[in-house]
file input_10.tsv (TSV, C-alpha atoms and all ligand atoms)
chain	number	residue	atom	x	y	z
A	1	MET	CA	-46.94	100.51	20.48
A	2	SER	CA	-47.38	99.14	23.97
A	3	THR	CA	-46.52	95.69	25.23
A	4	ALA	CA	-47.45	93.79	28.38
A	5	GLY	CA	-45.04	91.91	30.60
A	6	LEU	CA	-44.13	90.66	34.05
A	7	VAL	CA	-41.54	92.23	36.37
A	8	ALA	CA	-38.95	89.49	36.75
A	9	GLU	CA	-36.30	91.44	38.67
A	10	ALA	CA	-36.17	94.84	40.27
A	11	SER	CA	-32.95	96.48	41.27
A	12	GLY	CA	-31.97	100.07	41.93
A	13	GLY	CA	-34.68	101.62	39.76
A	14	VAL	CA	-34.07	99.27	36.84
A	15	TYR	CA	-36.66	96.64	36.09
A	16	ARG	CA	-36.08	93.48	34.11
A	17	ILE	CA	-39.31	92.61	32.36
A	18	ARG	CA	-40.33	89.35	30.75
A	19	LEU	CA	-42.46	90.41	27.82
A	20	ASP	CA	-45.45	88.22	27.06
A	21	GLY	CA	-43.62	87.05	23.94
A	22	GLY	CA	-40.85	85.67	26.18
A	23	ALA	CA	-38.08	88.22	25.58
A	24	LEU	CA	-36.35	89.91	28.53
A	25	VAL	CA	-35.89	93.67	28.44
A	26	ASP	CA	-34.71	96.27	30.93
A	27	ALA	CA	-37.06	99.16	31.60
A	28	ALA	CA	-37.28	102.33	33.66
A	29	LEU	CA	-40.35	103.73	35.40
A	30	ARG	CA	-42.25	106.62	33.90
A	31	GLY	CA	-41.75	109.61	36.25
A	32	ARG	CA	-45.46	109.94	36.79
A	33	ILE	CA	-45.64	106.42	38.26
A	34	LYS	CA	-42.70	107.19	40.52
A	35	LEU	CA	-44.65	110.10	41.99
A	36	GLU	CA	-47.96	108.25	42.24
A	37	ARG	CA	-46.61	105.33	44.15
A	38	ARG	CA	-44.82	105.85	47.41
A	39	SER	CA	-41.35	104.47	47.79
A	40	GLY	CA	-42.04	101.04	49.31
A	41	ASP	CA	-44.23	99.38	46.75
A	42	LYS	CA	-43.81	101.22	43.47
A	43	VAL	CA	-43.23	98.24	41.28
A	44	VAL	CA	-42.12	94.86	42.57
A	45	ILE	CA	-41.39	91.44	41.14
A	46	GLY	CA	-44.56	89.73	40.03
A	47	ASP	CA	-46.23	92.96	38.92
A	48	ARG	CA	-47.93	92.96	35.53
A	49	VAL	CA	-46.98	96.08	33.62
A	50	THR	CA	-47.59	97.82	30.32
A	51	LEU	CA	-44.49	99.16	28.57
A	52	GLU	CA	-43.85	101.64	25.82
A	53	ARG	CA	-40.80	101.73	23.69
A	54	SER	CA	-39.22	105.12	23.14
A	55	GLY	CA	-36.16	104.96	20.93
A	56	ASP	CA	-34.08	102.10	22.28
A	57	GLN	CA	-35.48	102.49	25.80
A	58	TRP	CA	-38.37	100.66	27.41
A	59	VAL	CA	-40.50	102.60	29.86
A	60	ILE	CA	-43.10	101.21	32.29
A	61	GLU	CA	-46.29	103.20	31.67
A	62	ARG	CA	-48.79	101.36	33.80
A	63	VAL	CA	-48.93	98.82	36.63
A	64	GLU	CA	-51.95	96.50	36.69
A	65	PRO	CA	-53.97	96.11	39.89
A	66	ARG	CA	-52.56	93.30	42.06
A	67	ARG	CA	-54.37	90.04	42.81
A	68	SER	CA	-52.31	89.55	45.97
A	69	GLU	CA	-49.37	91.05	47.80
A	70	LEU	CA	-46.81	89.32	49.96
A	71	LEU	CA	-45.98	91.94	52.56
A	72	ARG	CA	-43.06	92.35	54.85
A	73	ARG	CA	-44.61	94.49	57.53
A	74	GLY	CA	-42.28	96.89	59.26
A	75	ALA	CA	-41.60	96.26	62.92
A	76	GLY	CA	-42.42	99.12	65.28
A	77	GLY	CA	-44.93	100.81	63.02
A	78	ARG	CA	-42.72	101.08	59.98
A	79	ARG	CA	-44.52	100.89	56.68
A	80	ALA	CA	-45.29	97.54	55.12
A	81	LYS	CA	-43.26	96.71	52.06
A	82	VAL	CA	-44.55	94.59	49.20
A	83	VAL	CA	-42.07	91.82	48.43
A	84	VAL	CA	-43.86	89.98	45.62
A	85	ALA	CA	-47.09	90.82	43.80
A	86	ASN	CA	-49.62	88.40	42.35
A	87	LEU	CA	-48.55	85.20	44.09
A	88	ASP	CA	-51.15	82.45	43.94
A	89	GLU	CA	-49.58	80.06	46.41
A	90	ILE	CA	-46.72	79.54	48.83
A	91	LEU	CA	-44.89	76.22	48.86
A	92	VAL	CA	-43.14	75.67	52.15
A	93	VAL	CA	-40.23	73.33	51.35
A	94	VAL	CA	-38.46	71.25	53.99
A	95	ALA	CA	-36.41	68.05	53.83
A	96	ALA	CA	-37.29	64.72	55.41
A	97	GLY	CA	-33.71	64.79	56.71
A	98	ASP	CA	-30.38	66.55	56.13
A	99	PRO	CA	-31.44	69.07	57.41
A	100	GLU	CA	-34.04	67.72	59.82
A	101	PRO	CA	-37.40	69.46	59.48
A	102	ARG	CA	-38.03	72.04	62.22
A	103	LEU	CA	-41.70	72.34	63.10
A	104	GLY	CA	-41.25	75.83	64.52
A	105	LEU	CA	-39.92	77.06	61.20
A	106	ILE	CA	-42.69	75.34	59.21
A	107	ASP	CA	-45.27	77.02	61.46
A	108	ARG	CA	-43.59	80.40	61.09
A	109	LEU	CA	-43.71	80.17	57.29
A	110	LEU	CA	-47.32	78.96	57.33
A	111	VAL	CA	-48.23	81.94	59.53
A	112	ILE	CA	-46.65	84.32	57.02
A	113	ALA	CA	-48.70	82.66	54.25
A	114	GLU	CA	-51.91	82.95	56.32
A	115	ALA	CA	-51.21	86.56	57.28
A	116	ASN	CA	-50.99	87.34	53.57
A	117	ALA	CA	-54.10	85.28	52.74
A	118	LEU	CA	-52.09	82.99	50.47
A	119	PRO	CA	-52.83	79.26	50.26
A	120	ALA	CA	-49.89	77.13	51.38
A	121	THR	CA	-48.70	73.60	50.62
A	122	LEU	CA	-46.01	71.74	52.55
A	123	VAL	CA	-43.46	70.04	50.31
A	124	VAL	CA	-41.24	67.46	52.02
A	125	ASN	CA	-38.21	66.79	49.82
A	126	LYS	CA	-35.53	64.07	50.12
A	127	ALA	CA	-38.17	61.36	50.40
A	128	ASP	CA	-35.44	59.00	49.12
A	129	LEU	CA	-33.48	59.13	52.40
A	130	PRO	CA	-33.72	56.16	54.79
A	131	GLY	CA	-36.62	56.63	57.20
A	132	ALA	CA	-38.05	59.44	55.12
A	133	GLN	CA	-41.38	57.72	54.53
A	134	ASP	CA	-42.20	57.82	58.24
A	135	ARG	CA	-41.22	61.47	58.36
A	136	VAL	CA	-43.42	62.33	55.41
A	137	ALA	CA	-46.31	60.36	56.91
A	138	GLY	CA	-45.93	62.11	60.27
A	139	LEU	CA	-45.89	65.57	58.68
A	140	ALA	CA	-48.85	64.61	56.48
A	141	ARG	CA	-50.84	63.62	59.60
A	142	LEU	CA	-49.95	66.78	61.46
A	143	TYR	CA	-50.36	69.35	58.69
A	144	GLY	CA	-52.85	67.47	56.53
A	145	GLY	CA	-55.06	67.32	59.63
A	146	ILE	CA	-55.07	71.11	59.79
A	147	GLY	CA	-55.93	71.34	56.10
A	148	TYR	CA	-52.60	71.96	54.41
A	149	PRO	CA	-51.80	69.69	51.47
A	150	VAL	CA	-48.55	67.77	52.08
A	151	LEU	CA	-46.42	66.38	49.24
A	152	GLY	CA	-43.57	63.93	49.70
A	153	VAL	CA	-41.06	64.40	46.86
A	154	SER	CA	-37.51	63.60	45.88
A	155	ALA	CA	-35.60	65.81	43.49
A	156	THR	CA	-32.86	63.21	43.09
A	157	ALA	CA	-35.07	60.11	42.75
A	158	GLY	CA	-37.71	61.99	40.76
A	159	SER	CA	-40.57	60.81	42.93
A	160	GLY	CA	-43.64	62.95	43.56
A	161	LEU	CA	-42.56	65.42	40.92
A	162	GLN	CA	-45.82	65.12	39.02
A	163	GLU	CA	-47.81	66.50	41.95
A	164	PHE	CA	-45.15	69.15	42.55
A	165	ALA	CA	-45.35	70.16	38.88
A	166	GLU	CA	-49.12	70.50	39.08
A	167	ARG	CA	-48.59	73.22	41.66
A	168	VAL	CA	-45.69	75.17	40.21
A	169	CYS	CA	-46.55	74.87	36.51
A	170	ARG	CA	-49.51	77.20	36.78
A	171	GLY	CA	-49.81	80.71	38.10
A	172	CYS	CA	-47.23	82.24	40.41
A	173	SER	CA	-45.85	80.47	43.42
A	174	ALA	CA	-43.00	81.00	45.84
A	175	LEU	CA	-40.77	78.24	47.21
A	176	VAL	CA	-39.77	79.14	50.75
A	177	GLY	CA	-37.81	77.22	53.31
A	178	PRO	CA	-34.36	76.87	54.82
A	179	SER	CA	-31.34	76.49	52.59
A	180	GLY	CA	-30.16	72.98	51.84
A	181	VAL	CA	-33.62	71.41	51.61
A	182	GLY	CA	-33.49	71.18	47.81
A	183	LYS	CA	-35.53	74.09	46.47
A	184	SER	CA	-33.13	74.70	43.61
A	185	SER	CA	-32.79	70.95	43.00
A	186	LEU	CA	-36.56	70.59	42.70
A	187	LEU	CA	-36.78	73.33	40.09
A	188	ASN	CA	-33.82	71.83	38.21
A	189	ALA	CA	-35.51	68.41	38.27
A	190	LEU	CA	-38.58	69.96	36.70
A	191	ALA	CA	-36.70	72.13	34.23
A	192	PRO	CA	-33.06	71.03	33.77
A	193	GLY	CA	-32.49	73.98	31.43
A	194	LEU	CA	-32.74	76.36	34.38
A	195	ASP	CA	-29.43	75.03	35.64
A	196	LEU	CA	-29.84	76.66	39.08
A	197	ARG	CA	-26.85	76.37	41.38
A	198	VAL	CA	-27.25	73.61	43.92
A	199	GLY	CA	-25.61	73.53	47.34
A	200	GLN	CA	-25.26	77.29	47.60
A	201	VAL	CA	-26.17	78.77	50.94
A	202	SER	CA	-26.85	82.26	49.71
A	203	HIS	CA	-27.23	83.09	46.12
A	204	ARG	CA	-26.47	86.25	44.32
A	205	THR	CA	-28.56	87.12	41.35
A	206	GLY	CA	-28.58	90.41	39.57
A	207	TRP	CA	-26.86	91.66	36.55
A	208	GLY	CA	-24.18	94.14	35.64
A	209	ARG	CA	-23.26	96.35	38.53
A	210	HIS	CA	-26.66	96.07	40.26
A	211	THR	CA	-26.19	93.90	43.27
A	212	THR	CA	-29.06	94.73	45.60
A	213	VAL	CA	-31.61	92.49	43.99
A	214	SER	CA	-34.81	92.01	45.96
A	215	GLY	CA	-35.67	88.69	44.35
A	216	ARG	CA	-36.63	87.40	40.97
A	217	MET	CA	-39.31	85.53	39.11
A	218	ILE	CA	-38.22	82.34	37.38
A	219	SER	CA	-40.30	81.33	34.37
A	220	LEU	CA	-40.66	77.58	34.03
A	221	PRO	CA	-40.95	76.02	30.58
A	222	CYS	CA	-44.03	74.17	31.83
A	223	GLY	CA	-45.85	77.49	32.18
A	224	GLY	CA	-45.68	78.61	35.82
A	225	THR	CA	-43.63	81.32	37.45
A	226	VAL	CA	-41.73	80.81	40.68
A	227	ALA	CA	-40.62	83.65	42.91
A	228	ASP	CA	-37.14	83.38	44.30
A	229	THR	CA	-37.20	85.67	47.34
A	230	PRO	CA	-34.04	85.63	49.41
A	231	GLY	CA	-34.40	85.96	53.14
A	232	PHE	CA	-37.98	84.79	53.35
A	233	GLY	CA	-37.32	81.98	55.76
A	234	ASP	CA	-35.11	83.75	58.26
A	235	ALA	CA	-36.78	87.12	58.51
A	236	GLY	CA	-38.64	86.89	61.78
A	237	LEU	CA	-42.38	87.16	61.63
A	238	TRP	CA	-42.47	89.96	59.10
A	239	GLY	CA	-44.35	92.24	61.46
A	240	VAL	CA	-47.47	90.13	61.97
A	241	ASP	CA	-49.58	91.75	64.72
A	242	PRO	CA	-49.79	89.78	68.02
A	243	ARG	CA	-53.60	89.66	67.94
A	244	GLU	CA	-53.43	88.44	64.37
A	245	VAL	CA	-51.27	85.42	65.18
A	246	ALA	CA	-54.17	83.25	66.43
A	247	SER	CA	-56.09	83.81	63.20
A	248	CYS	CA	-53.06	82.49	61.30
A	249	PHE	CA	-53.41	79.08	62.99
A	250	PRO	CA	-56.56	77.67	61.33
A	251	GLU	CA	-57.18	75.05	64.02
A	252	ILE	CA	-56.88	77.70	66.76
A	253	ALA	CA	-59.02	80.21	64.88
A	254	ALA	CA	-61.70	77.53	64.44
A	255	ARG	CA	-62.10	77.19	68.22
A	256	ALA	CA	-61.57	80.75	69.36
A	257	ASN	CA	-65.26	81.64	69.57
A	258	GLU	CA	-65.85	78.79	72.04
A	259	CYS	CA	-63.53	80.42	74.59
A	260	GLN	CA	-65.16	81.82	77.70
A	261	PHE	CA	-63.67	85.27	77.20
A	262	ARG	CA	-63.99	87.32	74.07
A	263	GLY	CA	-60.52	88.31	72.91
A	264	CYS	CA	-59.03	85.31	74.74
A	265	SER	CA	-55.28	85.12	74.07
A	266	HIS	CA	-55.35	81.32	74.61
A	267	LEU	CA	-52.34	81.74	76.86
A	268	ALA	CA	-53.70	81.72	80.42
A	269	GLU	CA	-57.41	82.64	80.57
A	270	PRO	CA	-59.84	80.22	82.24
A	271	GLY	CA	-62.37	78.46	80.03
A	272	CYS	CA	-60.08	78.53	77.00
A	273	ALA	CA	-61.38	76.16	74.32
A	274	VAL	CA	-58.04	76.21	72.55
A	275	ARG	CA	-56.07	75.03	75.59
A	276	HIS	CA	-58.72	72.39	76.23
A	277	ALA	CA	-58.26	71.16	72.68
A	278	VAL	CA	-54.49	71.00	73.22
A	279	GLU	CA	-54.96	68.99	76.44
A	280	ALA	CA	-57.38	66.67	74.66
A	281	GLY	CA	-54.80	66.09	71.93
A	282	GLU	CA	-57.00	67.67	69.28
A	283	ILE	CA	-54.47	70.43	68.64
A	284	ALA	CA	-50.83	69.34	68.33
A	285	GLY	CA	-48.52	70.36	71.15
A	286	SER	CA	-45.96	71.58	68.61
A	287	ARG	CA	-48.53	73.94	67.10
A	288	SER	CA	-49.50	75.26	70.48
A	289	GLU	CA	-45.82	75.88	71.27
A	290	SER	CA	-45.35	77.67	67.96
A	291	TYR	CA	-48.39	79.80	68.68
A	292	ARG	CA	-46.97	80.86	72.03
A	293	ALA	CA	-43.51	81.50	70.60
A	294	LEU	CA	-44.76	83.49	67.61
A	295	ARG	CA	-47.24	85.44	69.66
A	296	SER	CA	-44.66	86.56	72.19
A	297	GLU	CA	-42.29	87.40	69.35
A	298	ALA	CA	-44.94	89.46	67.52
B	301	LIG	N1	-30.93	62.82	49.11
B	301	LIG	C1	-31.39	63.92	48.49
B	301	LIG	N2	-30.61	65.00	48.40
B	301	LIG	C2	-31.11	66.10	47.77
B	301	LIG	C3	-32.41	66.10	47.20
B	301	LIG	N3	-32.62	67.32	46.65
B	301	LIG	C4	-31.52	68.05	46.88
B	301	LIG	N4	-30.59	67.33	47.55
B	301	LIG	C5	-29.27	67.80	47.99
B	301	LIG	O1	-29.43	68.78	48.99
B	301	LIG	C6	-28.43	69.80	48.89
B	301	LIG	C7	-29.08	71.18	48.81
B	301	LIG	O2	-29.82	71.29	47.61
B	301	LIG	P1	-30.26	72.71	47.01
B	301	LIG	O3	-31.15	72.44	45.84
B	301	LIG	O4	-29.10	73.59	46.79
B	301	LIG	O5	-31.15	73.27	48.23
B	301	LIG	P2	-31.72	74.76	48.43
B	301	LIG	O6	-30.72	75.48	49.28
B	301	LIG	O7	-33.02	74.60	49.15
B	301	LIG	O8	-31.90	75.37	47.08
B	301	LIG	C8	-27.61	69.45	47.67
B	301	LIG	O9	-26.45	68.78	48.10
B	301	LIG	C9	-28.52	68.52	46.87
B	301	LIG	O10	-27.79	67.62	46.08
B	301	LIG	C10	-33.20	64.89	47.28
B	301	LIG	O11	-34.33	64.79	46.80
B	301	LIG	N5	-32.63	63.84	47.95
B	302	MG	MG	-31.14	77.16	46.31
B	303	ZN	ZN	-58.84	80.79	74.36

call {"tool": "encode", "arguments": {"input": "input_10.tsv", "output": "structure tokens"}}
result
Amino acid sequence: MSTAGLVAEASGGVYRIRLDGGALVDAALRGRIKLERRSGDKVVIGDRVTLERSGDQWVIERVEPRRSELLRRGAGGRRAKVVVANLDEILVVVAAGDPEPRLGLIDRLLVIAEANALPATLVVNKADLPGAQDRVAGLARLYGGIGYPVLGVSATAGSGLQEFAERVCRGCSALVGPSGVGKSSLLNALAPGLDLRVGQVSHRTGWGRHTTVSGRMISLPCGGTVADTPGFGDAGLWGVDPREVASCFPEIAARANECQFRGCSHLAEPGCAVRHAVEAGEIAGSRSESYRALRSEA
């Protein structure tokens, strides 16, 4: 008898699977799969798998083809590593204040989403704080103008949660952003039963003696699955190629073929349509700065 499920946690060769019926079981990989798949991306959280039961053990027999992969590409030619499979969307979460939103970090996370061809939404939490409405409106102008949906929400006041729920209660999404912005609080507001720890800088999940957990998938009672991937926000550019950076800024990519020189880096060449657009105020200065910073980092 085989059963289908979702890899909810992966740690040291043990996989915690959420069976389609809802139960959680621990499973090992069939040796054949271990050989077929090279070390980096054997089976990761978010993978859909088929399991067999042999005695009191569950064994992963098959891994379904992936709809998407969130990759952490190795710097200096190291192999890319799949971090989460089958994500549908990335929600970049920041706070309207406490901590102040940093545009450079928002841009960095949006670039990672673009580099992985994942749609992204900007969620601005703590809309209840004084002055937050102006903050939300400013971010909505900036990022909404580029084409990213922007939601103003408050986990504590409960505002905007309907729109937030519409995004996380279907498919698989990942909440990414600095600590302290209220990612855990937002999920708790949606599903109090989750009882996620709030105010923790770094969390430790895992079970038993397995401590090197690469992340986990949280199933929401409303139907969606949310990836909890530690280290997403602070992990550099994840190996995005320098020439690829421009294509990860939609408003820059849209103008690149108007530049005088093919392969224009938009840094110093004459006749650069992107720099003209920045000077004309059609591309935000903060985005242009992020482009330069991320490009020289990449
Ligand atoms: N004012 C305000 N504070 C919030 C809101 N959401 C979370 N917080 C607070 O922000 C801090 C960090 O929240 P937490 O959910 O742990 O953030 P995370 O690190 O992103 O998971 C906690 O002290 C929360 O009580 C909100 O909507 N408004
Ligand atoms: Mg948290
Ligand atoms: Zn150019």

call {"tool": "residues_around", "arguments": {"input": "input_10.tsv", "residues": "region 76-90 of chain A", "least_positions_apart": "6", "cutoff": "8 Å", "atoms": "only C-alpha atoms", "output": "list in words"}}
result
Gly40, Asp41, Val44, Ile45, Gly46, Asp47, Arg66, Arg67, Ser68, Glu69, Leu70, Ala113, Leu118, Pro119, Ala120, Thr121, Gly171, Cys172, Ser173, Ala174, Leu175, Val176, Ser214, Ala227 and Thr229 of chain A

call {"tool": "residues_near_ligand", "arguments": {"input": "input_10.tsv", "ligand": "ligand ZN 303 (chain B)", "cutoff": "7 Å", "atoms": "all atoms listed in the file", "output": "ChimeraX atom specification"}}
result
/A:256,259,264-266,269,272-275

call {"tool": "atom_distance", "arguments": {"input": "input_10.tsv", "atom1": "CA of Lys126 (chain A)", "atom2": "CA of Gly285 (chain A)"}}
result
25.5 Å

call {"tool": "residues_near_ligand", "arguments": {"input": "input_10.tsv", "ligand": "ligand MG 302 (chain B)", "cutoff": "10 Å", "atoms": "all atoms listed in the file", "output": "MDAnalysis selection string"}}
result
chainID A and resid 175:187 196:203 228 230

call {"tool": "closest_residue", "arguments": {"input": "input_10.tsv", "among": "A:Ala268, A:Val150, A:Ala284, A:Leu142", "to": "Ile252 (chain A)", "atoms": "all atoms listed in the file"}}
result
A:Ala284

call {"tool": "residues_around", "arguments": {"input": "input_10.tsv", "residues": "Leu161 (chain A)", "least_positions_apart": "6", "cutoff": "9 Å", "atoms": "only C-alpha atoms", "output": "list in words"}}
result
Gly152, Val153, Ser154, Ala155, Leu186, Ala189 and Leu190 of chain A

call {"tool": "write_last_selection", "arguments": {"input": "input_10.tsv", "atoms": "C-alpha atoms", "output": "PDB file, in the frame of the given file"}}
result
ATOM      1  CA  GLY A 152     -43.570  63.930  49.700  1.00  0.00           C
ATOM      2  CA  VAL A 153     -41.060  64.400  46.860  1.00  0.00           C
ATOM      3  CA  SER A 154     -37.510  63.600  45.880  1.00  0.00           C
ATOM      4  CA  ALA A 155     -35.600  65.810  43.490  1.00  0.00           C
ATOM      5  CA  LEU A 186     -36.560  70.590  42.700  1.00  0.00           C
ATOM      6  CA  ALA A 189     -35.510  68.410  38.270  1.00  0.00           C
ATOM      7  CA  LEU A 190     -38.580  69.960  36.700  1.00  0.00           C
TER       8      LEU A 190
END

call {"tool": "atom_distance", "arguments": {"input": "input_10.tsv", "atom1": "CA of Glu297 (chain A)", "atom2": "CA of Leu267 (chain A)"}}
result
13.8 Å

call {"tool": "atom_distance", "arguments": {"input": "input_10.tsv", "atom1": "CA of Ala298 (chain A)", "atom2": "CA of Trp238 (chain A)"}}
result
8.8 Å

call {"tool": "closest_residue", "arguments": {"input": "input_10.tsv", "among": "A:Met217, A:Ile106, A:Ala277, A:Ala246", "to": "Tyr143 (chain A)", "atoms": "all atoms listed in the file"}}
result
A:Ile106

call {"tool": "closest_residue", "arguments": {"input": "input_10.tsv", "among": "A:Leu51, A:Ala96, A:Cys169, A:Val111", "to": "ligand LIG 301 (chain B)", "atoms": "all atoms listed in the file"}}
result
A:Ala96
